Amino acid sequence: MSLRLNFRTANPAAYQAMSGLEKYTKDSSVDPVANELIKLRASQINGCAYCLDMHAKDLMAMGDHADRILLLSVWREVPHLFTDKERAVLELTECVTNISREGVPQAIYEKVREYATESEYVDLLIAINTINSWNRLAISSGLFPGCFKS
C-alpha cells in the first residue's frame, strides 16, 4: 500500500489539533513512563508498527525497560514487571481501545481510581484516546510505511 494522503499537509488545522492533544498529554498528570506504556499497548492492539517502533525507542531512552517492552502484550502473565498502578492503567487502555467490546467495566474504573483522582482519570483517558487517534490517522492515511493493514 502506498501513501494515500499526508494528513499533516492535507489538513494542517486538524494536525494542529492532534498536536495540541499530544502536548496536553505530555504536560498532564500522566507519568511519562505510564504514558509510553499506554502508547505501546494501544499501538499493539491497533497494529500500528510505526507507533510501536517510535514509542518503544522513547521508552528505552527513559531507562532499562527492555523486558517490559518485550512482554507488554502479555503483561498479565508477568505482573512483577509492572506496578499495580501500571497494570490498572494497562487494563484501562485495553478497555478504552476496544471500547465496543464491553466499555469500561465498573471494576476497572474503580481499580484505576485507587491510583487516580477524577482529574487524573480524565488525563489517562485523554492519553489513551490521543494515541488511538494517532494510530487511526496513520493507519487510515497510509502515511507511515508499515503502519497500516493490507
# chains A, B, ... in the order shown; residues from 1 in each chain; ligands from 1
call {"tool": "residues_around", "arguments": {"residues": "stretch 16-27 of chain A", "least_positions_apart": "2", "cutoff": "9 Å", "atoms": "only C-alpha atoms", "output": "compact mmCIF listing (two decimals) with N, CA, C and O atoms, in the first residue's frame"}}
result
# COMPACT_ATOMS: atom_id res chain seq x y z
N ARG A 8 -0.99 15.56 7.66
CA ARG A 8 -0.36 16.76 8.21
C ARG A 8 -0.49 17.95 7.26
O ARG A 8 -0.77 19.06 7.69
N ASN A 11 -4.57 18.72 5.90
CA ASN A 11 -5.43 19.50 6.80
C ASN A 11 -4.60 19.93 8.00
O ASN A 11 -4.66 19.32 9.07
N PRO A 12 -3.81 20.99 7.84
CA PRO A 12 -2.93 21.45 8.92
C PRO A 12 -3.67 21.78 10.22
O PRO A 12 -3.14 21.56 11.30
N ALA A 13 -4.90 22.28 10.13
CA ALA A 13 -5.64 22.62 11.35
C ALA A 13 -5.97 21.36 12.15
O ALA A 13 -5.88 21.36 13.38
N ALA A 14 -6.34 20.30 11.46
CA ALA A 14 -6.62 19.03 12.15
C ALA A 14 -5.35 18.49 12.80
O ALA A 14 -5.37 18.01 13.93
N SER A 29 -0.95 15.04 34.15
CA SER A 29 -0.57 14.30 35.36
C SER A 29 -0.12 12.87 35.07
O SER A 29 0.35 12.18 35.98
N VAL A 30 -0.23 12.42 33.83
CA VAL A 30 0.15 11.05 33.49
C VAL A 30 1.66 10.90 33.55
O VAL A 30 2.40 11.66 32.91
N ASP A 31 2.11 9.95 34.33
CA ASP A 31 3.54 9.66 34.45
C ASP A 31 4.12 9.37 33.06
O ASP A 31 3.50 8.64 32.27
N PRO A 32 5.29 9.93 32.73
CA PRO A 32 5.86 9.73 31.39
C PRO A 32 6.07 8.26 31.00
O PRO A 32 5.83 7.89 29.85
N ASN A 35 2.70 6.84 30.32
CA ASN A 35 2.21 7.37 29.04
C ASN A 35 2.78 6.57 27.87
O ASN A 35 2.07 6.25 26.92
N ASP A 123 -7.17 12.66 32.55
CA ASP A 123 -5.87 12.74 31.86
C ASP A 123 -5.50 11.40 31.24
O ASP A 123 -4.99 11.34 30.11
N LEU A 124 -5.74 10.31 31.96
CA LEU A 124 -5.47 8.98 31.41
C LEU A 124 -6.34 8.72 30.17
O LEU A 124 -5.85 8.21 29.16
N ILE A 126 -7.60 10.92 28.15
CA ILE A 126 -7.11 11.77 27.05
C ILE A 126 -5.86 11.13 26.44
O ILE A 126 -5.71 11.08 25.21
N ALA A 127 -4.96 10.62 27.27
CA ALA A 127 -3.73 9.97 26.76
C ALA A 127 -4.09 8.75 25.91
O ALA A 127 -3.54 8.56 24.82
N THR A 130 -5.76 9.88 22.68
CA THR A 130 -4.83 10.55 21.77
C THR A 130 -4.04 9.54 20.96
O THR A 130 -3.95 9.66 19.73
N ILE A 131 -3.47 8.52 21.61
CA ILE A 131 -2.70 7.55 20.84
C ILE A 131 -3.61 6.75 19.92
O ILE A 131 -3.23 6.42 18.79
N SER A 133 -6.21 7.90 18.43
CA SER A 133 -6.46 8.79 17.29
C SER A 133 -5.25 8.84 16.36
O SER A 133 -5.41 8.78 15.13
N TRP A 134 -4.05 8.95 16.92
CA TRP A 134 -2.83 8.94 16.08
C TRP A 134 -2.76 7.63 15.29
O TRP A 134 -2.46 7.63 14.09
call {"tool": "residues_around", "arguments": {"residues": "A:Ala34", "least_positions_apart": "4", "cutoff": "9 Å", "atoms": "only C-alpha atoms", "output": "PDB file with N, CA, C and O atoms, in the first residue's frame"}}
result
ATOM      1  N   VAL A  30      -0.233  12.421  33.825  1.00  0.00           N
ATOM      2  CA  VAL A  30       0.148  11.046  33.491  1.00  0.00           C
ATOM      3  C   VAL A  30       1.665  10.902  33.547  1.00  0.00           C
ATOM      4  O   VAL A  30       2.402  11.658  32.907  1.00  0.00           O
ATOM      5  N   ILE A  38       1.055   3.220  27.755  1.00  0.00           N
ATOM      6  CA  ILE A  38      -0.262   3.397  27.133  1.00  0.00           C
ATOM      7  C   ILE A  38      -0.106   3.414  25.615  1.00  0.00           C
ATOM      8  O   ILE A  38      -0.838   2.724  24.896  1.00  0.00           O
ATOM      9  N   LYS A  39       0.837   4.196  25.127  1.00  0.00           N
ATOM     10  CA  LYS A  39       1.038   4.324  23.679  1.00  0.00           C
ATOM     11  C   LYS A  39       1.434   2.991  23.054  1.00  0.00           C
ATOM     12  O   LYS A  39       0.940   2.628  21.976  1.00  0.00           O
ATOM     13  N   LYS A  85      -0.335   0.091  39.809  1.00  0.00           N
ATOM     14  CA  LYS A  85      -0.903   1.237  39.100  1.00  0.00           C
ATOM     15  C   LYS A  85      -0.752   1.060  37.590  1.00  0.00           C
ATOM     16  O   LYS A  85      -1.697   1.307  36.836  1.00  0.00           O
ATOM     17  N   GLU A  86       0.415   0.635  37.125  1.00  0.00           N
ATOM     18  CA  GLU A  86       0.628   0.416  35.693  1.00  0.00           C
ATOM     19  C   GLU A  86      -0.306  -0.663  35.154  1.00  0.00           C
ATOM     20  O   GLU A  86      -0.843  -0.527  34.055  1.00  0.00           O
ATOM     21  N   VAL A  89      -3.656   0.841  34.713  1.00  0.00           N
ATOM     22  CA  VAL A  89      -3.647   1.724  33.536  1.00  0.00           C
ATOM     23  C   VAL A  89      -3.646   0.902  32.247  1.00  0.00           C
ATOM     24  O   VAL A  89      -4.327   1.255  31.277  1.00  0.00           O
ATOM     25  N   LEU A  90      -2.909  -0.185  32.210  1.00  0.00           N
ATOM     26  CA  LEU A  90      -2.896  -1.044  31.020  1.00  0.00           C
ATOM     27  C   LEU A  90      -4.269  -1.663  30.780  1.00  0.00           C
ATOM     28  O   LEU A  90      -4.730  -1.759  29.637  1.00  0.00           O
TER      29      LEU A  90
END
call {"tool": "residues_around", "arguments": {"residues": "A:Leu125", "least_positions_apart": "4", "cutoff": "8 Å", "atoms": "only C-alpha atoms", "output": "number ranges by chain"}}
result
A: 96, 121, 129
call {"tool": "atom_distance", "arguments": {"atom1": "atom CA of A:Ala42", "atom2": "atom CA of A:Thr97"}}
result
6.3 Å
call {"tool": "residues_around", "arguments": {"residues": "A:Glu36", "least_positions_apart": "6", "cutoff": "10 Å", "atoms": "only C-alpha atoms", "output": "compact mmCIF listing (two decimals) with N, CA, C and O atoms, in the first residue's frame"}}
result
# COMPACT_ATOMS: atom_id res chain seq x y z
N VAL A 30 -0.23 12.42 33.83
CA VAL A 30 0.15 11.05 33.49
C VAL A 30 1.66 10.90 33.55
O VAL A 30 2.40 11.66 32.91
N ALA A 42 -1.74 0.38 23.29
CA ALA A 42 -2.79 0.72 22.31
C ALA A 42 -2.30 0.46 20.89
O ALA A 42 -3.04 -0.07 20.06
N LEU A 52 4.56 1.67 17.38
CA LEU A 52 5.26 0.71 18.24
C LEU A 52 6.76 0.97 18.24
O LEU A 52 7.40 1.01 19.30
N MET A 54 8.38 3.76 17.38
CA MET A 54 8.70 5.07 17.96
C MET A 54 8.60 5.05 19.48
O MET A 54 9.52 5.50 20.18
N HIS A 55 7.52 4.51 20.01
CA HIS A 55 7.31 4.58 21.46
C HIS A 55 8.15 3.56 22.22
O HIS A 55 8.51 3.81 23.38
N ALA A 56 8.52 2.46 21.60
CA ALA A 56 9.47 1.54 22.23
C ALA A 56 10.82 2.23 22.39
O ALA A 56 11.46 2.14 23.45
N LYS A 57 11.24 2.94 21.35
CA LYS A 57 12.51 3.68 21.43
C LYS A 57 12.43 4.79 22.47
O LYS A 57 13.38 5.02 23.22
N ASP A 58 11.28 5.48 22.53
CA ASP A 58 11.11 6.54 23.53
C ASP A 58 11.20 5.96 24.94
O ASP A 58 11.84 6.54 25.82
N LEU A 59 10.57 4.81 25.16
CA LEU A 59 10.61 4.20 26.49
C LEU A 59 12.02 3.71 26.82
O LEU A 59 12.48 3.87 27.95
N MET A 60 12.71 3.14 25.85
CA MET A 60 14.09 2.71 26.08
C MET A 60 14.97 3.89 26.47
O MET A 60 15.85 3.76 27.32
N MET A 62 14.19 6.27 28.23
CA MET A 62 13.87 6.65 29.60
C MET A 62 14.55 5.75 30.63
O MET A 62 14.45 6.00 31.82
N ILE A 69 8.98 -3.83 27.53
CA ILE A 69 8.58 -3.63 26.13
C ILE A 69 8.33 -4.99 25.47
O ILE A 69 7.31 -5.20 24.82
N ALA A 127 -4.96 10.62 27.27
CA ALA A 127 -3.73 9.97 26.76
C ALA A 127 -4.09 8.75 25.91
O ALA A 127 -3.54 8.56 24.82
N ILE A 131 -3.47 8.52 21.61
CA ILE A 131 -2.70 7.55 20.84
C ILE A 131 -3.61 6.75 19.92
O ILE A 131 -3.23 6.42 18.79
call {"tool": "atom_distance", "arguments": {"atom1": "atom CA of A:Val33", "atom2": "atom CA of A:Gly47"}}
result
20.7 Å
call {"tool": "select_by_dssp", "arguments": {"residues": "stretch 19-146 of chain A", "states": "helix (DSSP H, G or I)", "output": "ChimeraX atom specification"}}
result
/A:19-27,32-46,49-61,66-70,72-77,79-81,84-97,99-102,106-113,118-141
call {"tool": "decode", "arguments": {"residues": "stretch 6-47 of chain A", "atoms": "N, CA and C atoms", "output": "mmCIF file, in the first residue's frame"}}
result
data_model
loop_
_atom_site.group_PDB
_atom_site.id
_atom_site.type_symbol
_atom_site.label_atom_id
_atom_site.label_comp_id
_atom_site.auth_asym_id
_atom_site.auth_seq_id
_atom_site.Cartn_x
_atom_site.Cartn_y
_atom_site.Cartn_z
ATOM 1 N N ASN A 6 -1.128 12.714 3.051
ATOM 2 C CA ASN A 6 -0.374 13.175 4.202
ATOM 3 C C ASN A 6 -1.325 14.049 5.018
ATOM 4 N N PHE A 7 -1.871 13.510 6.106
ATOM 5 C CA PHE A 7 -2.869 14.256 6.865
ATOM 6 C C PHE A 7 -2.296 15.528 7.467
ATOM 7 N N ARG A 8 -0.992 15.559 7.658
ATOM 8 C CA ARG A 8 -0.361 16.762 8.208
ATOM 9 C C ARG A 8 -0.495 17.952 7.257
ATOM 10 N N THR A 9 -0.285 17.702 5.973
ATOM 11 C CA THR A 9 -0.358 18.791 4.995
ATOM 12 C C THR A 9 -1.742 18.920 4.369
ATOM 13 N N ALA A 10 -2.497 17.833 4.337
ATOM 14 C CA ALA A 10 -3.840 17.883 3.753
ATOM 15 C C ALA A 10 -4.786 18.738 4.592
ATOM 16 N N ASN A 11 -4.575 18.723 5.903
ATOM 17 C CA ASN A 11 -5.429 19.496 6.803
ATOM 18 C C ASN A 11 -4.596 19.932 8.005
ATOM 19 N N PRO A 12 -3.807 20.993 7.843
ATOM 20 C CA PRO A 12 -2.932 21.451 8.921
ATOM 21 C C PRO A 12 -3.670 21.780 10.223
ATOM 22 N N ALA A 13 -4.896 22.283 10.131
ATOM 23 C CA ALA A 13 -5.637 22.622 11.347
ATOM 24 C C ALA A 13 -5.970 21.359 12.150
ATOM 25 N N ALA A 14 -6.338 20.300 11.462
ATOM 26 C CA ALA A 14 -6.620 19.032 12.147
ATOM 27 C C ALA A 14 -5.345 18.492 12.795
ATOM 28 N N TYR A 15 -4.238 18.563 12.052
ATOM 29 C CA TYR A 15 -2.961 18.110 12.603
ATOM 30 C C TYR A 15 -2.584 18.938 13.833
ATOM 31 N N GLN A 16 -2.829 20.236 13.760
ATOM 32 C CA GLN A 16 -2.532 21.128 14.892
ATOM 33 C C GLN A 16 -3.372 20.735 16.109
ATOM 34 N N ALA A 17 -4.629 20.381 15.877
ATOM 35 C CA ALA A 17 -5.499 19.956 16.974
ATOM 36 C C ALA A 17 -4.962 18.683 17.632
ATOM 37 N N MET A 18 -4.546 17.727 16.810
ATOM 38 C CA MET A 18 -3.967 16.488 17.347
ATOM 39 C C MET A 18 -2.681 16.785 18.113
ATOM 40 N N SER A 19 -1.869 17.664 17.568
ATOM 41 C CA SER A 19 -0.624 18.039 18.246
ATOM 42 C C SER A 19 -0.913 18.703 19.587
ATOM 43 N N GLY A 20 -2.008 19.450 19.643
ATOM 44 C CA GLY A 20 -2.408 20.064 20.910
ATOM 45 C C GLY A 20 -2.771 19.018 21.948
ATOM 46 N N LEU A 21 -3.469 17.978 21.524
ATOM 47 C CA LEU A 21 -3.777 16.879 22.442
ATOM 48 C C LEU A 21 -2.504 16.197 22.925
ATOM 49 N N GLU A 22 -1.578 15.981 22.005
ATOM 50 C CA GLU A 22 -0.307 15.346 22.373
ATOM 51 C C GLU A 22 0.442 16.196 23.396
ATOM 52 N N LYS A 23 0.480 17.501 23.172
ATOM 53 C CA LYS A 23 1.158 18.402 24.123
ATOM 54 C C LYS A 23 0.453 18.374 25.472
ATOM 55 N N TYR A 24 -0.878 18.403 25.451
ATOM 56 C CA TYR A 24 -1.620 18.343 26.707
ATOM 57 C C TYR A 24 -1.253 17.079 27.474
ATOM 58 N N THR A 25 -1.255 15.956 26.778
ATOM 59 C CA THR A 25 -0.956 14.675 27.419
ATOM 60 C C THR A 25 0.446 14.674 28.007
ATOM 61 N N LYS A 26 1.399 15.201 27.252
ATOM 62 C CA LYS A 26 2.787 15.241 27.729
ATOM 63 C C LYS A 26 2.916 16.073 29.000
ATOM 64 N N ASP A 27 2.141 17.148 29.086
ATOM 65 C CA ASP A 27 2.211 18.055 30.236
ATOM 66 C C ASP A 27 1.228 17.697 31.349
ATOM 67 N N SER A 28 0.469 16.622 31.177
ATOM 68 C CA SER A 28 -0.584 16.266 32.125
ATOM 69 C C SER A 28 -0.026 15.521 33.339
ATOM 70 N N SER A 29 -0.945 15.044 34.153
ATOM 71 C CA SER A 29 -0.572 14.304 35.359
ATOM 72 C C SER A 29 -0.121 12.871 35.074
ATOM 73 N N VAL A 30 -0.233 12.421 33.825
ATOM 74 C CA VAL A 30 0.148 11.046 33.491
ATOM 75 C C VAL A 30 1.665 10.902 33.547
ATOM 76 N N ASP A 31 2.111 9.946 34.328
ATOM 77 C CA ASP A 31 3.543 9.660 34.445
ATOM 78 C C ASP A 31 4.120 9.375 33.059
ATOM 79 N N PRO A 32 5.292 9.935 32.735
ATOM 80 C CA PRO A 32 5.864 9.735 31.392
ATOM 81 C C PRO A 32 6.066 8.263 31.004
ATOM 82 N N VAL A 33 6.490 7.426 31.933
ATOM 83 C CA VAL A 33 6.666 6.003 31.618
ATOM 84 C C VAL A 33 5.302 5.362 31.374
ATOM 85 N N ALA A 34 4.335 5.663 32.220
ATOM 86 C CA ALA A 34 2.983 5.124 32.021
ATOM 87 C C ALA A 34 2.415 5.604 30.687
ATOM 88 N N ASN A 35 2.695 6.839 30.317
ATOM 89 C CA ASN A 35 2.214 7.368 29.040
ATOM 90 C C ASN A 35 2.783 6.565 27.874
ATOM 91 N N GLU A 36 4.057 6.221 27.949
ATOM 92 C CA GLU A 36 4.648 5.416 26.869
ATOM 93 C C GLU A 36 4.088 3.997 26.873
ATOM 94 N N LEU A 37 3.817 3.447 28.048
ATOM 95 C CA LEU A 37 3.195 2.120 28.113
ATOM 96 C C LEU A 37 1.804 2.156 27.492
ATOM 97 N N ILE A 38 1.055 3.220 27.755
ATOM 98 C CA ILE A 38 -0.262 3.397 27.133
ATOM 99 C C ILE A 38 -0.106 3.414 25.615
ATOM 100 N N LYS A 39 0.837 4.196 25.127
ATOM 101 C CA LYS A 39 1.038 4.324 23.679
ATOM 102 C C LYS A 39 1.434 2.991 23.054
ATOM 103 N N LEU A 40 2.302 2.271 23.724
ATOM 104 C CA LEU A 40 2.730 0.972 23.201
ATOM 105 C C LEU A 40 1.591 -0.040 23.195
ATOM 106 N N ARG A 41 0.860 -0.128 24.300
ATOM 107 C CA ARG A 41 -0.196 -1.145 24.379
ATOM 108 C C ARG A 41 -1.308 -0.854 23.382
ATOM 109 N N ALA A 42 -1.742 0.379 23.286
ATOM 110 C CA ALA A 42 -2.786 0.724 22.314
ATOM 111 C C ALA A 42 -2.300 0.463 20.892
ATOM 112 N N SER A 43 -1.049 0.802 20.616
ATOM 113 C CA SER A 43 -0.498 0.594 19.275
ATOM 114 C C SER A 43 -0.372 -0.885 18.943
ATOM 115 N N GLN A 44 -0.089 -1.723 19.957
ATOM 116 C CA GLN A 44 -0.081 -3.173 19.733
ATOM 117 C C GLN A 44 -1.475 -3.634 19.323
ATOM 118 N N ILE A 45 -2.469 -3.210 20.062
ATOM 119 C CA ILE A 45 -3.845 -3.618 19.787
ATOM 120 C C ILE A 45 -4.281 -3.138 18.405
ATOM 121 N N ASN A 46 -3.910 -1.905 18.069
ATOM 122 C CA ASN A 46 -4.328 -1.304 16.800
ATOM 123 C C ASN A 46 -3.466 -1.734 15.613
ATOM 124 N N GLY A 47 -2.343 -2.371 15.860
ATOM 125 C CA GLY A 47 -1.477 -2.822 14.777
ATOM 126 C C GLY A 47 -0.728 -1.696 14.085
#
